[in-house]
$ cat data_25.tsv   # TSV, C-alpha atoms and all ligand atoms
chain	number	residue	atom	x	y	z
A	1	MET	CA	-42.48	-7.40	-43.24
A	2	SER	CA	-39.93	-4.83	-42.16
A	3	ARG	CA	-37.13	-3.18	-43.98
A	4	LEU	CA	-34.05	-2.94	-41.79
A	5	VAL	CA	-30.56	-1.53	-42.06
A	6	VAL	CA	-28.24	-3.12	-39.53
A	7	LYS	CA	-24.85	-1.56	-38.82
A	8	VAL	CA	-22.20	-3.41	-36.85
A	9	GLY	CA	-19.28	-1.45	-35.41
A	10	THR	CA	-15.59	-2.29	-35.42
A	11	SER	CA	-15.48	-3.09	-31.70
A	12	SER	CA	-18.17	-5.73	-32.24
A	13	VAL	CA	-16.94	-7.21	-35.52
A	14	THR	CA	-13.37	-7.65	-34.28
A	15	ASP	CA	-11.98	-9.17	-31.11
A	16	SER	CA	-9.24	-7.89	-28.82
A	17	SER	CA	-6.46	-9.13	-31.12
A	18	GLY	CA	-8.03	-7.35	-34.10
A	19	GLY	CA	-9.13	-10.56	-35.79
A	20	VAL	CA	-12.72	-10.97	-36.96
A	21	ASP	CA	-14.97	-12.20	-34.14
A	22	GLU	CA	-16.61	-15.17	-35.86
A	23	ASP	CA	-19.13	-15.67	-33.05
A	24	VAL	CA	-20.59	-12.21	-33.46
A	25	LEU	CA	-20.85	-12.68	-37.21
A	26	ARG	CA	-22.47	-16.09	-36.82
A	27	HIS	CA	-25.17	-14.77	-34.48
A	28	ILE	CA	-25.95	-11.87	-36.76
A	29	ALA	CA	-26.00	-14.03	-39.90
A	30	GLN	CA	-28.32	-16.57	-38.27
A	31	ASP	CA	-30.67	-13.86	-37.12
A	32	VAL	CA	-30.64	-11.96	-40.43
A	33	ALA	CA	-31.15	-15.16	-42.46
A	34	GLU	CA	-34.08	-16.17	-40.33
A	35	ARG	CA	-35.72	-12.76	-40.53
A	36	ARG	CA	-35.30	-12.78	-44.29
A	37	ARG	CA	-37.07	-16.10	-44.50
A	38	GLY	CA	-39.87	-14.42	-42.59
A	39	GLY	CA	-40.07	-11.71	-45.28
A	40	ASP	CA	-37.85	-8.91	-43.93
A	41	GLN	CA	-35.55	-6.96	-46.22
A	42	ILE	CA	-32.19	-6.34	-44.59
A	43	VAL	CA	-29.06	-4.47	-45.61
A	44	LEU	CA	-25.98	-4.85	-43.46
A	45	VAL	CA	-23.39	-2.11	-42.94
A	46	THR	CA	-20.12	-3.39	-41.50
A	47	SER	CA	-17.08	-1.67	-40.08
A	48	GLY	CA	-13.85	-3.38	-39.14
A	49	ALA	CA	-11.84	-3.37	-42.39
A	50	ILE	CA	-9.00	-1.29	-41.01
A	51	THR	CA	-8.73	-3.17	-37.74
A	52	ALA	CA	-8.86	-6.54	-39.51
A	53	GLY	CA	-6.28	-5.37	-42.06
A	54	TRP	CA	-3.89	-4.12	-39.41
A	55	ALA	CA	-4.16	-7.45	-37.56
A	56	GLU	CA	-2.82	-9.04	-40.74
A	57	VAL	CA	0.00	-6.68	-41.71
A	58	GLY	CA	0.69	-4.59	-38.61
A	59	GLU	CA	2.99	-7.13	-36.94
A	60	GLY	CA	1.70	-6.19	-33.51
A	61	ARG	CA	2.63	-2.52	-33.84
A	62	ASP	CA	0.29	0.29	-32.78
A	63	ARG	CA	-2.22	1.19	-35.38
A	64	PRO	CA	-0.98	3.97	-37.72
A	65	GLN	CA	-2.45	7.47	-37.79
A	66	ASP	CA	-1.36	8.34	-41.29
A	67	SER	CA	-4.41	8.30	-43.53
A	68	ARG	CA	-2.46	7.07	-46.57
A	69	LEU	CA	-1.44	3.97	-44.63
A	70	LEU	CA	-4.92	3.52	-43.16
A	71	GLN	CA	-6.40	3.54	-46.64
A	72	ALA	CA	-3.94	0.86	-47.73
A	73	VAL	CA	-4.67	-1.17	-44.60
A	74	SER	CA	-8.41	-1.04	-45.30
A	75	ALA	CA	-7.70	-2.67	-48.69
A	76	VAL	CA	-6.12	-5.59	-46.84
A	77	GLY	CA	-8.90	-5.89	-44.28
A	78	GLN	CA	-11.94	-5.49	-46.52
A	79	PRO	CA	-11.61	-8.86	-48.33
A	80	ARG	CA	-10.80	-10.48	-45.01
A	81	LEU	CA	-13.95	-9.02	-43.52
A	82	MET	CA	-16.06	-10.03	-46.52
A	83	ASP	CA	-14.65	-13.53	-46.42
A	84	ALA	CA	-15.77	-13.85	-42.80
A	85	TRP	CA	-19.26	-12.51	-43.60
A	86	ARG	CA	-19.48	-14.78	-46.64
A	87	ARG	CA	-18.72	-17.82	-44.51
A	88	ALA	CA	-21.13	-16.77	-41.77
A	89	PHE	CA	-23.99	-16.29	-44.25
A	90	GLY	CA	-22.90	-19.28	-46.34
A	91	ALA	CA	-23.60	-21.50	-43.33
A	92	GLN	CA	-27.17	-20.19	-43.54
A	93	GLY	CA	-27.39	-20.83	-47.27
A	94	VAL	CA	-27.46	-17.10	-48.03
A	95	ALA	CA	-25.22	-15.35	-50.57
A	96	VAL	CA	-23.70	-11.93	-49.82
A	97	GLY	CA	-22.71	-9.04	-52.07
A	98	GLN	CA	-20.23	-6.29	-51.30
A	99	VAL	CA	-21.23	-2.67	-51.87
A	100	LEU	CA	-18.58	-0.05	-51.14
A	101	LEU	CA	-19.89	3.48	-50.95
A	102	SER	CA	-18.32	6.82	-50.23
A	103	PRO	CA	-19.91	10.08	-49.12
A	104	LEU	CA	-19.44	11.44	-52.64
A	105	ASP	CA	-21.80	8.76	-53.95
A	106	PHE	CA	-24.48	10.36	-51.86
A	107	ALA	CA	-23.60	13.90	-52.85
A	108	ASP	CA	-24.26	13.15	-56.49
A	109	ARG	CA	-27.94	12.45	-56.86
A	110	ALA	CA	-27.58	10.16	-59.89
A	111	GLN	CA	-25.05	8.01	-58.01
A	112	TYR	CA	-27.33	7.96	-55.01
A	113	LEU	CA	-30.18	6.62	-57.12
A	114	HIS	CA	-27.84	4.02	-58.63
A	115	ALA	CA	-26.90	2.81	-55.19
A	116	ARG	CA	-30.59	2.45	-54.39
A	117	GLU	CA	-31.20	0.38	-57.55
A	118	THR	CA	-28.24	-1.89	-56.85
A	119	LEU	CA	-29.35	-2.52	-53.28
A	120	SER	CA	-32.87	-3.35	-54.37
A	121	ALA	CA	-31.64	-5.63	-57.20
A	122	LEU	CA	-29.43	-7.52	-54.73
A	123	ASP	CA	-32.44	-8.02	-52.52
A	124	GLU	CA	-34.47	-9.34	-55.46
A	125	LEU	CA	-31.67	-11.84	-56.11
A	126	GLY	CA	-31.98	-13.05	-52.52
A	127	VAL	CA	-28.53	-11.67	-51.70
A	128	VAL	CA	-27.69	-9.82	-48.48
A	129	ALA	CA	-25.92	-6.58	-49.37
A	130	ILE	CA	-22.96	-5.87	-47.11
A	131	VAL	CA	-21.98	-2.22	-47.23
A	132	ASN	CA	-18.83	-0.48	-46.03
A	133	GLU	CA	-17.28	2.83	-46.82
A	134	ASN	CA	-14.92	2.68	-49.77
A	135	ASP	CA	-12.01	3.55	-47.48
A	136	ALA	CA	-9.25	2.65	-49.93
A	137	VAL	CA	-10.18	5.53	-52.24
A	138	ALA	CA	-12.05	7.78	-49.82
A	139	ASP	CA	-11.36	11.38	-50.73
A	140	GLU	CA	-11.36	12.59	-47.16
A	141	GLU	CA	-9.53	11.38	-44.15
A	142	ILE	CA	-10.94	8.15	-42.79
A	143	ARG	CA	-12.93	9.07	-39.75
A	144	PHE	CA	-14.25	6.56	-37.35
A	145	GLY	CA	-17.91	6.89	-36.90
A	146	ASP	CA	-18.37	7.49	-40.60
A	147	ASN	CA	-20.13	4.17	-40.90
A	148	ASP	CA	-22.85	5.38	-38.53
A	149	ARG	CA	-23.51	8.22	-40.94
A	150	LEU	CA	-23.23	5.90	-43.92
A	151	ALA	CA	-25.76	3.52	-42.34
A	152	ALA	CA	-28.20	6.39	-41.79
A	153	LEU	CA	-27.86	7.42	-45.43
A	154	VAL	CA	-28.40	3.84	-46.54
A	155	ALA	CA	-31.47	3.62	-44.28
A	156	ASN	CA	-32.76	6.70	-46.01
A	157	ILE	CA	-32.18	5.47	-49.56
A	158	VAL	CA	-33.74	2.06	-49.00
A	159	LYS	CA	-36.60	3.70	-47.07
A	160	ALA	CA	-35.97	1.48	-44.05
A	161	ASP	CA	-38.44	1.21	-41.21
A	162	THR	CA	-35.67	0.83	-38.67
A	163	LEU	CA	-31.94	1.46	-38.46
A	164	VAL	CA	-30.25	-0.86	-35.96
A	165	LEU	CA	-26.84	0.27	-34.68
A	166	LEU	CA	-25.21	-2.74	-33.03
A	167	THR	CA	-22.37	-1.80	-30.74
A	168	ASP	CA	-20.44	-2.75	-27.62
A	169	THR	CA	-22.67	-0.95	-25.10
A	170	PRO	CA	-26.22	-1.72	-23.98
A	171	GLY	CA	-27.38	1.48	-25.69
A	172	LEU	CA	-27.21	5.18	-24.84
A	173	LEU	CA	-26.26	5.53	-21.18
A	174	THR	CA	-26.70	8.44	-18.76
A	175	GLY	CA	-22.94	8.61	-18.24
A	176	ASP	CA	-19.64	6.85	-18.74
A	177	PRO	CA	-19.81	3.44	-17.02
A	178	ARG	CA	-16.02	3.44	-16.58
A	179	ARG	CA	-16.24	6.60	-14.49
A	180	SER	CA	-19.46	6.33	-12.54
A	181	PRO	CA	-21.04	3.10	-11.36
A	182	ASP	CA	-24.66	4.24	-11.31
A	183	VAL	CA	-25.25	4.96	-15.00
A	184	THR	CA	-28.50	3.77	-16.46
A	185	LEU	CA	-29.80	3.02	-19.92
A	186	ILE	CA	-31.87	5.67	-21.68
A	187	GLU	CA	-34.62	3.55	-23.16
A	188	GLU	CA	-36.43	6.02	-25.37
A	189	VAL	CA	-35.58	9.25	-27.14
A	190	SER	CA	-38.12	11.35	-28.95
A	191	GLU	CA	-35.81	14.16	-30.12
A	192	VAL	CA	-32.03	14.31	-30.43
A	193	ASP	CA	-31.44	17.71	-28.83
A	194	ASP	CA	-28.42	19.60	-27.51
A	195	ASP	CA	-28.78	18.19	-23.98
A	196	LEU	CA	-28.58	14.68	-25.30
A	197	ARG	CA	-25.61	15.54	-27.44
A	198	ALA	CA	-23.81	17.06	-24.47
A	199	LEU	CA	-24.48	13.86	-22.54
A	200	ALA	CA	-23.04	11.68	-25.29
A	201	GLY	CA	-19.96	13.90	-25.53
A	202	SER	CA	-17.43	12.15	-27.67
A	203	SER	CA	-17.34	8.88	-25.78
A	204	SER	CA	-15.52	6.16	-27.62
A	205	SER	CA	-14.50	2.63	-26.89
A	206	GLY	CA	-11.08	3.23	-28.37
A	207	VAL	CA	-11.12	0.57	-31.07
A	208	GLY	CA	-12.58	2.26	-34.04
A	209	SER	CA	-16.02	2.98	-32.72
A	210	GLY	CA	-17.25	6.45	-33.46
A	211	GLY	CA	-18.67	6.58	-29.96
A	212	MET	CA	-22.07	7.83	-28.99
A	213	ALA	CA	-21.73	11.25	-30.58
A	214	SER	CA	-21.64	9.81	-34.09
A	215	LYS	CA	-24.44	7.40	-33.23
A	216	LEU	CA	-26.60	10.28	-32.11
A	217	SER	CA	-26.03	12.21	-35.32
A	218	ALA	CA	-26.85	9.06	-37.28
A	219	ALA	CA	-30.00	8.61	-35.20
A	220	ARG	CA	-30.96	12.22	-35.84
A	221	MET	CA	-30.41	11.86	-39.56
A	222	ALA	CA	-32.43	8.64	-39.67
A	223	THR	CA	-35.31	9.77	-37.47
A	224	TRP	CA	-35.64	12.96	-39.49
A	225	SER	CA	-35.96	10.72	-42.54
A	226	GLY	CA	-38.80	8.92	-40.78
A	227	VAL	CA	-36.67	5.90	-39.84
A	228	ALA	CA	-36.82	4.58	-36.26
A	229	THR	CA	-33.37	3.92	-34.80
A	230	VAL	CA	-32.19	1.51	-32.12
A	231	ILE	CA	-28.77	1.41	-30.50
A	232	ALA	CA	-28.33	-2.05	-29.00
A	233	PRO	CA	-25.63	-4.54	-28.06
A	234	ALA	CA	-24.10	-6.73	-30.77
A	235	ARG	CA	-22.77	-9.50	-28.54
A	236	HIS	CA	-25.94	-11.46	-28.03
A	237	SER	CA	-27.78	-14.26	-29.73
A	238	SER	CA	-30.36	-12.90	-32.20
A	239	PRO	CA	-29.08	-9.33	-31.67
A	240	VAL	CA	-31.18	-7.83	-34.46
A	241	SER	CA	-34.47	-9.43	-33.40
A	242	ARG	CA	-33.76	-8.47	-29.85
A	243	ALA	CA	-33.07	-4.86	-30.85
A	244	VAL	CA	-36.32	-4.51	-32.79
A	245	SER	CA	-38.46	-6.49	-30.32
A	246	GLY	CA	-39.56	-3.40	-28.42
A	247	GLU	CA	-38.80	-5.25	-25.19
A	248	PRO	CA	-38.25	-2.82	-22.34
A	249	GLY	CA	-34.65	-2.56	-21.23
A	250	VAL	CA	-33.22	-3.61	-24.59
A	251	GLY	CA	-31.26	-0.83	-26.23
A	252	THR	CA	-32.17	2.81	-26.82
A	253	VAL	CA	-35.04	3.46	-29.19
A	254	PHE	CA	-35.27	6.74	-31.12
A	255	HIS	CA	-38.72	7.45	-32.43
A	256	PRO	CA	-39.03	8.66	-36.02
A	257	ARG	CA	-40.46	12.07	-36.75
A	258	ARG	CA	-43.93	11.60	-38.06
A	259	ALA	CA	-43.50	13.86	-41.02
A	260	GLY	CA	-40.25	12.31	-42.19
A	261	LEU	CA	-38.28	14.17	-44.83
A	262	SER	CA	-38.55	12.79	-48.35
A	263	ALA	CA	-35.41	11.06	-49.64
A	264	ARG	CA	-34.52	14.14	-51.65
A	265	ARG	CA	-34.89	16.51	-48.72
A	266	ALA	CA	-32.96	14.21	-46.40
A	267	TRP	CA	-30.30	14.09	-49.08
A	268	ILE	CA	-30.11	17.90	-49.10
A	269	ALA	CA	-30.14	18.13	-45.31
A	270	PHE	CA	-27.61	15.46	-44.47
A	271	ALA	CA	-25.75	14.00	-47.44
A	272	VAL	CA	-24.47	16.99	-49.36
A	273	SER	CA	-21.70	19.11	-47.84
A	274	SER	CA	-22.32	22.84	-47.59
A	275	ARG	CA	-20.20	25.09	-49.75
A	276	GLY	CA	-21.10	28.28	-47.97
A	277	ARG	CA	-23.50	30.18	-45.76
A	278	LEU	CA	-26.32	32.64	-46.24
A	279	TYR	CA	-27.09	34.97	-43.35
A	280	ILE	CA	-30.73	36.03	-43.45
A	281	ASN	CA	-32.78	38.70	-41.71
A	282	GLN	CA	-35.72	38.31	-39.34
A	283	GLY	CA	-38.32	38.82	-42.05
A	284	ALA	CA	-36.88	36.06	-44.20
A	285	LEU	CA	-36.63	33.79	-41.19
A	286	GLN	CA	-40.35	34.26	-40.53
A	287	ALA	CA	-41.19	33.73	-44.18
A	288	ILE	CA	-39.31	30.45	-44.52
A	289	GLU	CA	-40.11	29.00	-41.10
A	290	HIS	CA	-43.72	30.04	-40.66
A	291	HIS	CA	-45.05	30.53	-44.16
A	292	GLY	CA	-43.13	27.90	-46.14
A	293	ARG	CA	-41.77	30.50	-48.55
A	294	SER	CA	-38.69	30.46	-50.74
A	295	LEU	CA	-35.67	32.44	-49.63
A	296	LEU	CA	-35.53	35.65	-51.62
A	297	ARG	CA	-32.63	37.98	-52.30
A	298	VAL	CA	-34.13	40.74	-50.14
A	299	GLY	CA	-33.93	38.43	-47.13
A	300	VAL	CA	-30.22	37.73	-47.45
A	301	GLU	CA	-27.92	40.07	-45.53
A	302	ARG	CA	-24.60	38.55	-46.55
A	303	SER	CA	-22.99	35.31	-47.56
A	304	ALA	CA	-19.79	33.39	-46.94
A	305	GLY	CA	-18.05	30.88	-49.19
A	306	GLU	CA	-17.51	30.45	-52.91
A	307	PHE	CA	-20.62	28.43	-53.74
A	308	ARG	CA	-22.00	27.92	-57.24
A	309	ALA	CA	-25.62	27.59	-58.35
A	310	GLY	CA	-26.91	24.10	-57.51
A	311	GLU	CA	-24.61	23.63	-54.53
A	312	ALA	CA	-25.69	23.30	-50.92
A	313	VAL	CA	-25.44	26.10	-48.37
A	314	GLU	CA	-26.33	26.58	-44.74
A	315	VAL	CA	-28.93	29.19	-43.97
A	316	ARG	CA	-28.25	31.07	-40.73
A	317	GLY	CA	-30.50	33.45	-38.85
A	318	PRO	CA	-29.74	36.91	-37.40
A	319	GLU	CA	-28.13	35.33	-34.33
A	320	ASP	CA	-25.97	33.03	-36.42
A	321	GLN	CA	-28.28	30.13	-35.58
A	322	LEU	CA	-28.48	27.31	-38.13
A	323	VAL	CA	-32.03	27.33	-39.47
A	324	ALA	CA	-31.98	25.49	-42.76
A	325	LYS	CA	-29.96	23.93	-45.50
A	326	GLY	CA	-30.71	24.29	-49.16
A	327	LEU	CA	-29.52	24.29	-52.74
A	328	VAL	CA	-28.81	27.79	-54.04
A	329	ARG	CA	-30.00	28.99	-57.41
A	330	VAL	CA	-27.22	31.55	-57.93
A	331	ASP	CA	-23.43	31.67	-57.73
A	332	ALA	CA	-21.99	33.47	-54.71
A	333	ASP	CA	-20.80	36.41	-56.83
A	334	GLN	CA	-24.22	36.77	-58.51
A	335	LEU	CA	-26.10	36.76	-55.24
A	336	PHE	CA	-27.11	40.39	-55.32
A	337	SER	CA	-27.52	40.71	-59.07
A	338	GLY	CA	-29.02	37.39	-60.15
A	339	ASP	CA	-32.41	35.76	-59.79
A	340	ASP	CA	-34.77	36.96	-57.04
A	341	VAL	CA	-35.19	33.48	-55.66
A	342	VAL	CA	-31.97	32.51	-53.91
A	343	VAL	CA	-33.15	29.17	-52.52
A	344	HIS	CA	-36.44	27.79	-53.79
A	345	ARG	CA	-38.76	26.33	-51.15
A	346	ASP	CA	-38.53	22.89	-52.82
A	347	ASP	CA	-34.79	22.93	-52.27
A	348	LEU	CA	-34.91	24.26	-48.72
A	349	VAL	CA	-34.96	22.03	-45.63
A	350	LEU	CA	-35.76	23.60	-42.27
A	351	LEU	CA	-33.57	22.17	-39.57
A	352	ARG	CA	-35.06	23.42	-36.34
A	353	ALA	CA	-37.31	21.11	-34.41
A	354	GLY	CA	-41.01	21.82	-34.51
B	1	LIG	N1	-14.99	1.99	-42.65
B	1	LIG	C1	-14.17	1.75	-41.49
B	1	LIG	C2	-13.70	0.30	-41.45
B	1	LIG	O1	-14.32	-0.57	-42.00
B	1	LIG	C3	-14.89	2.02	-40.20
B	1	LIG	C4	-15.54	3.36	-40.05
B	1	LIG	C5	-16.29	3.44	-38.70
B	1	LIG	O2	-15.77	2.96	-37.68
B	1	LIG	O3	-17.34	4.00	-38.65
B	1	LIG	O4	-12.70	-0.01	-40.84

$ encode --input "data_25.tsv" --output "structure tokens"
Amino acid sequence: MSRLVVKVGTSSVTDSSGGVDEDVLRHIAQDVAERRRGGDQIVLVTSGAITAGWAEVGEGRDRPQDSRLLQAVSAVGQPRLMDAWRRAFGAQGVAVGQVLLSPLDFADRAQYLHARETLSALDELGVVAIVNENDAVADEEIRFGDNDRLAALVANIVKADTLVLLTDTPGLLTGDPRRSPDVTLIEEVSEVDDDLRALAGSSSSGVGSGGMASKLSAARMATWSGVATVIAPARHSSPVSRAVSGEPGVGTVFHPRRAGLSARRAWIAFAVSSRGRLYINQGALQAIEHHGRSLLRVGVERSAGEFRAGEAVEVRGPEDQLVAKGLVRVDADQLFSGDDVVVHRDDLVLLRAG
């Protein structure tokens, strides 16, 4: 039995005219239904609402940039998208449920736990949960690639074994296939480092996909949570089973870190936005990185931002390097007069590899 989160990108869910690509959905639904019968638990994360919505109301015009319009367009496309998924799974005798989440749901821990309960109750009911970002009321600009991040957060809350990112490339490539003919597939990645990120650049297929850069940050987030990640092609029969088969040459596999972060620590590290920064000295750096200590007031040189107690901050070392993220115990203006413990070790997540 495996627990999987499968994310399908816009460029796979929709075809060149922006309509939903029923073939892709059918293959995925068949595969997911069959794996469920074999005992797997699977949550699906789908993109494509905006593209599908614009195909309906855009009258052939170029897709708008204005985020107010995009939000409205997503409201048109989301039911269209769900209708297509419902039919694809209906043909397999499987019911689907729609779960729309926004980053704020993950920032608030109670909401985050609610989302977890809902997803597990849907699974108990034998329903496949289909998740998308709640674009129509998203508080921030709609950014493509957000669903990669969303899928990684979902993989973390459901404690998935594997996150499968289905896309329109064979996986992570050594270069841009449109520019150089001799690019090859990177089959395995053990650590998402700066070199890899530079390689991925901000490649994008143009139609909504967040490109490799956002897939790499999702993979990093997931593997740090102890979730293996695979980037693999969507347009294939049994794309999910193929992606998790471990067959050489199929997709790019990211190995999970053995000591995966707990859900709470992954939530601190990746889900909550930072409200400020703490710049610490060498002694404090040693204490938190090598001795697992809390961050004390004496170790903080200065801060930036108007954070309040309980909010998340970045912790930066003497060379401005990002070393940790944590929840502060004091307001920014109380930093040098309040409690001695600025970030308790239980609320501090070290972000450097090792
Ligand atoms: N939530 C967006 C949509 O359904 C897609 C975001 C993404 O491409 O990651 O259209």

$ residues_around --input "data_25.tsv" --residues "Arg242 of chain A" --least-positions-apart "6" --cutoff "9 Å" --atoms "only C-alpha atoms" --output "PyMOL selection string"
chain A and resi 232+236+250-251

$ residues_near_ligand --input "data_25.tsv" --ligand "ligand LIG 1 (chain B)" --cutoff "10 Å" --atoms "all atoms listed in the file" --output "PyMOL selection string"
chain A and resi 7-11+13+45-54+70-71+73-75+77-78+81+100-102+131-136+138+142-151+207-211+214-215

$ residues_around --input "data_25.tsv" --residues "Phe307 of chain A" --least-positions-apart "6" --cutoff "9 Å" --atoms "all atoms listed in the file" --output "list in words"
Ser274, Arg275, Gly276, Arg277, Val313, Val328, Val330, Asp331, Ala332 and Asp333 of chain A

$ atom_distance --input "data_25.tsv" --atom1 "atom CA of Thr184 of chain A" --atom2 "atom CA of Asp168 of chain A"
15.2 Å

$ atom_distance --input "data_25.tsv" --atom1 "atom CA of Arg329 of chain A" --atom2 "atom CA of Ala309 of chain A"
4.7 Å

$ closest_residue --input "data_25.tsv" --among "A:Gln111, A:Asn281, A:Gln41, A:Thr162" --to "Pro318 of chain A" --atoms "only C-alpha atoms"
A:Asn281

$ atom_distance --input "data_25.tsv" --atom1 "atom CA of Gly283 of chain A" --atom2 "atom CA of Gln321 of chain A"
14.8 Å

$ residues_around --input "data_25.tsv" --residues "Ala219 of chain A" --least-positions-apart "5" --cutoff "9 Å" --atoms "only C-alpha atoms" --output "JSON, numbers by chain"
{"A": [148, 149, 152, 163, 165, 192, 214, 224, 227, 228, 229, 230, 231, 254]}

$ residues_around --input "data_25.tsv" --residues "Arg3 of chain A" --least-positions-apart "6" --cutoff "9 Å" --atoms "only C-alpha atoms" --output "number ranges by chain"
A: 40-43, 155, 158-163

$ residues_around --input "data_25.tsv" --residues "Ala259 of chain A" --least-positions-apart "2" --cutoff "10 Å" --atoms "all atoms listed in the file" --output "short mmCIF file (atom, residue, chain, number, x, y, z; two decimals) with C-alpha atoms, in the coordinates of the input"
data_model
loop_
_atom_site.label_atom_id
_atom_site.label_comp_id
_atom_site.auth_asym_id
_atom_site.auth_seq_id
_atom_site.Cartn_x
_atom_site.Cartn_y
_atom_site.Cartn_z
CA THR A 223 -35.31 9.77 -37.47
CA TRP A 224 -35.64 12.96 -39.49
CA SER A 225 -35.96 10.72 -42.54
CA GLY A 226 -38.80 8.92 -40.78
CA PRO A 256 -39.03 8.66 -36.02
CA ARG A 257 -40.46 12.07 -36.75
CA LEU A 261 -38.28 14.17 -44.83
CA SER A 262 -38.55 12.79 -48.35
#

$ closest_residue --input "data_25.tsv" --among "A:Arg297, A:Ala266, A:Val315, A:Ile288" --to "Ala107 of chain A" --atoms "only C-alpha atoms"
A:Ala266

$ closest_residue --input "data_25.tsv" --among "A:Pro248, A:Gly260, A:Pro239, A:Pro103" --to "Val272 of chain A" --atoms "only C-alpha atoms"
A:Pro103

$ residues_near_point --input "data_25.tsv" --point "(-35.2, 29.4, -49.6)" --cutoff "12 Å" --atoms "only C-alpha atoms" --output "JSON, numbers by chain"
{"A": [278, 279, 280, 284, 285, 286, 287, 288, 289, 291, 292, 293, 294, 295, 296, 297, 298, 299, 300, 312, 313, 314, 315, 316, 323, 324, 325, 326, 327, 328, 329, 330, 340, 341, 342, 343, 344, 345, 346, 347, 348, 349, 350]}

$ residues_near_point --input "data_25.tsv" --point "(-26.0, -2.7, -50.5)" --cutoff "10 Å" --atoms "only C-alpha atoms" --output "MDAnalysis selection string"
chainID A and resid 5 42:45 96:101 115:123 127:132 154 158

$ closest_residue --input "data_25.tsv" --among "A:Leu69, A:Leu335, A:Leu4, A:Leu322" --to "Glu301 of chain A" --atoms "all atoms listed in the file"
A:Leu335

$ closest_residue --input "data_25.tsv" --among "A:Gly60, A:Ala84, A:Arg35, A:Ile186" --to "Gly171 of chain A" --atoms "all atoms listed in the file"
A:Ile186

$ decode --input "data_25.tsv" --residues "segment 22-33 of chain A" --atoms "N, CA, C and O atoms" --output "PDB file, in the first residue's frame"
ATOM      1  N   GLU A  22      -9.354  15.152 -22.657  1.00  0.00           N
ATOM      2  CA  GLU A  22     -10.071  14.020 -22.043  1.00  0.00           C
ATOM      3  C   GLU A  22      -9.224  12.743 -22.005  1.00  0.00           C
ATOM      4  O   GLU A  22      -9.364  11.925 -21.107  1.00  0.00           O
ATOM      5  N   ASP A  23      -8.357  12.585 -23.011  1.00  0.00           N
ATOM      6  CA  ASP A  23      -7.521  11.375 -23.057  1.00  0.00           C
ATOM      7  C   ASP A  23      -6.585  11.293 -21.854  1.00  0.00           C
ATOM      8  O   ASP A  23      -6.418  10.238 -21.243  1.00  0.00           O
ATOM      9  N   VAL A  24      -5.967  12.430 -21.559  1.00  0.00           N
ATOM     10  CA  VAL A  24      -5.040  12.468 -20.423  1.00  0.00           C
ATOM     11  C   VAL A  24      -5.799  12.120 -19.134  1.00  0.00           C
ATOM     12  O   VAL A  24      -5.354  11.298 -18.330  1.00  0.00           O
ATOM     13  N   LEU A  25      -6.967  12.738 -18.988  1.00  0.00           N
ATOM     14  CA  LEU A  25      -7.749  12.499 -17.771  1.00  0.00           C
ATOM     15  C   LEU A  25      -8.172  11.027 -17.667  1.00  0.00           C
ATOM     16  O   LEU A  25      -8.136  10.432 -16.592  1.00  0.00           O
ATOM     17  N   ARG A  26      -8.547  10.470 -18.812  1.00  0.00           N
ATOM     18  CA  ARG A  26      -9.004   9.075 -18.809  1.00  0.00           C
ATOM     19  C   ARG A  26      -7.877   8.130 -18.365  1.00  0.00           C
ATOM     20  O   ARG A  26      -8.070   7.266 -17.518  1.00  0.00           O
ATOM     21  N   HIS A  27      -6.690   8.345 -18.924  1.00  0.00           N
ATOM     22  CA  HIS A  27      -5.553   7.491 -18.547  1.00  0.00           C
ATOM     23  C   HIS A  27      -5.229   7.603 -17.051  1.00  0.00           C
ATOM     24  O   HIS A  27      -4.961   6.609 -16.382  1.00  0.00           O
ATOM     25  N   ILE A  28      -5.258   8.824 -16.573  1.00  0.00           N
ATOM     26  CA  ILE A  28      -4.940   9.020 -15.151  1.00  0.00           C
ATOM     27  C   ILE A  28      -6.022   8.374 -14.279  1.00  0.00           C
ATOM     28  O   ILE A  28      -5.722   7.660 -13.315  1.00  0.00           O
ATOM     29  N   ALA A  29      -7.291   8.609 -14.643  1.00  0.00           N
ATOM     30  CA  ALA A  29      -8.388   8.071 -13.831  1.00  0.00           C
ATOM     31  C   ALA A  29      -8.351   6.539 -13.810  1.00  0.00           C
ATOM     32  O   ALA A  29      -8.523   5.924 -12.745  1.00  0.00           O
ATOM     33  N   GLN A  30      -8.079   5.946 -14.950  1.00  0.00           N
ATOM     34  CA  GLN A  30      -7.995   4.473 -15.010  1.00  0.00           C
ATOM     35  C   GLN A  30      -6.909   3.960 -14.071  1.00  0.00           C
ATOM     36  O   GLN A  30      -7.113   3.040 -13.283  1.00  0.00           O
ATOM     37  N   ASP A  31      -5.754   4.606 -14.191  1.00  0.00           N
ATOM     38  CA  ASP A  31      -4.593   4.197 -13.418  1.00  0.00           C
ATOM     39  C   ASP A  31      -4.838   4.381 -11.915  1.00  0.00           C
ATOM     40  O   ASP A  31      -4.588   3.480 -11.099  1.00  0.00           O
ATOM     41  N   VAL A  32      -5.371   5.560 -11.560  1.00  0.00           N
ATOM     42  CA  VAL A  32      -5.619   5.866 -10.144  1.00  0.00           C
ATOM     43  C   VAL A  32      -6.669   4.899  -9.581  1.00  0.00           C
ATOM     44  O   VAL A  32      -6.509   4.354  -8.480  1.00  0.00           O
ATOM     45  N   ALA A  33      -7.743   4.656 -10.354  1.00  0.00           N
ATOM     46  CA  ALA A  33      -8.804   3.767  -9.875  1.00  0.00           C
ATOM     47  C   ALA A  33      -8.247   2.370  -9.632  1.00  0.00           C
ATOM     48  O   ALA A  33      -8.536   1.733  -8.613  1.00  0.00           O
TER      49      ALA A  33
END
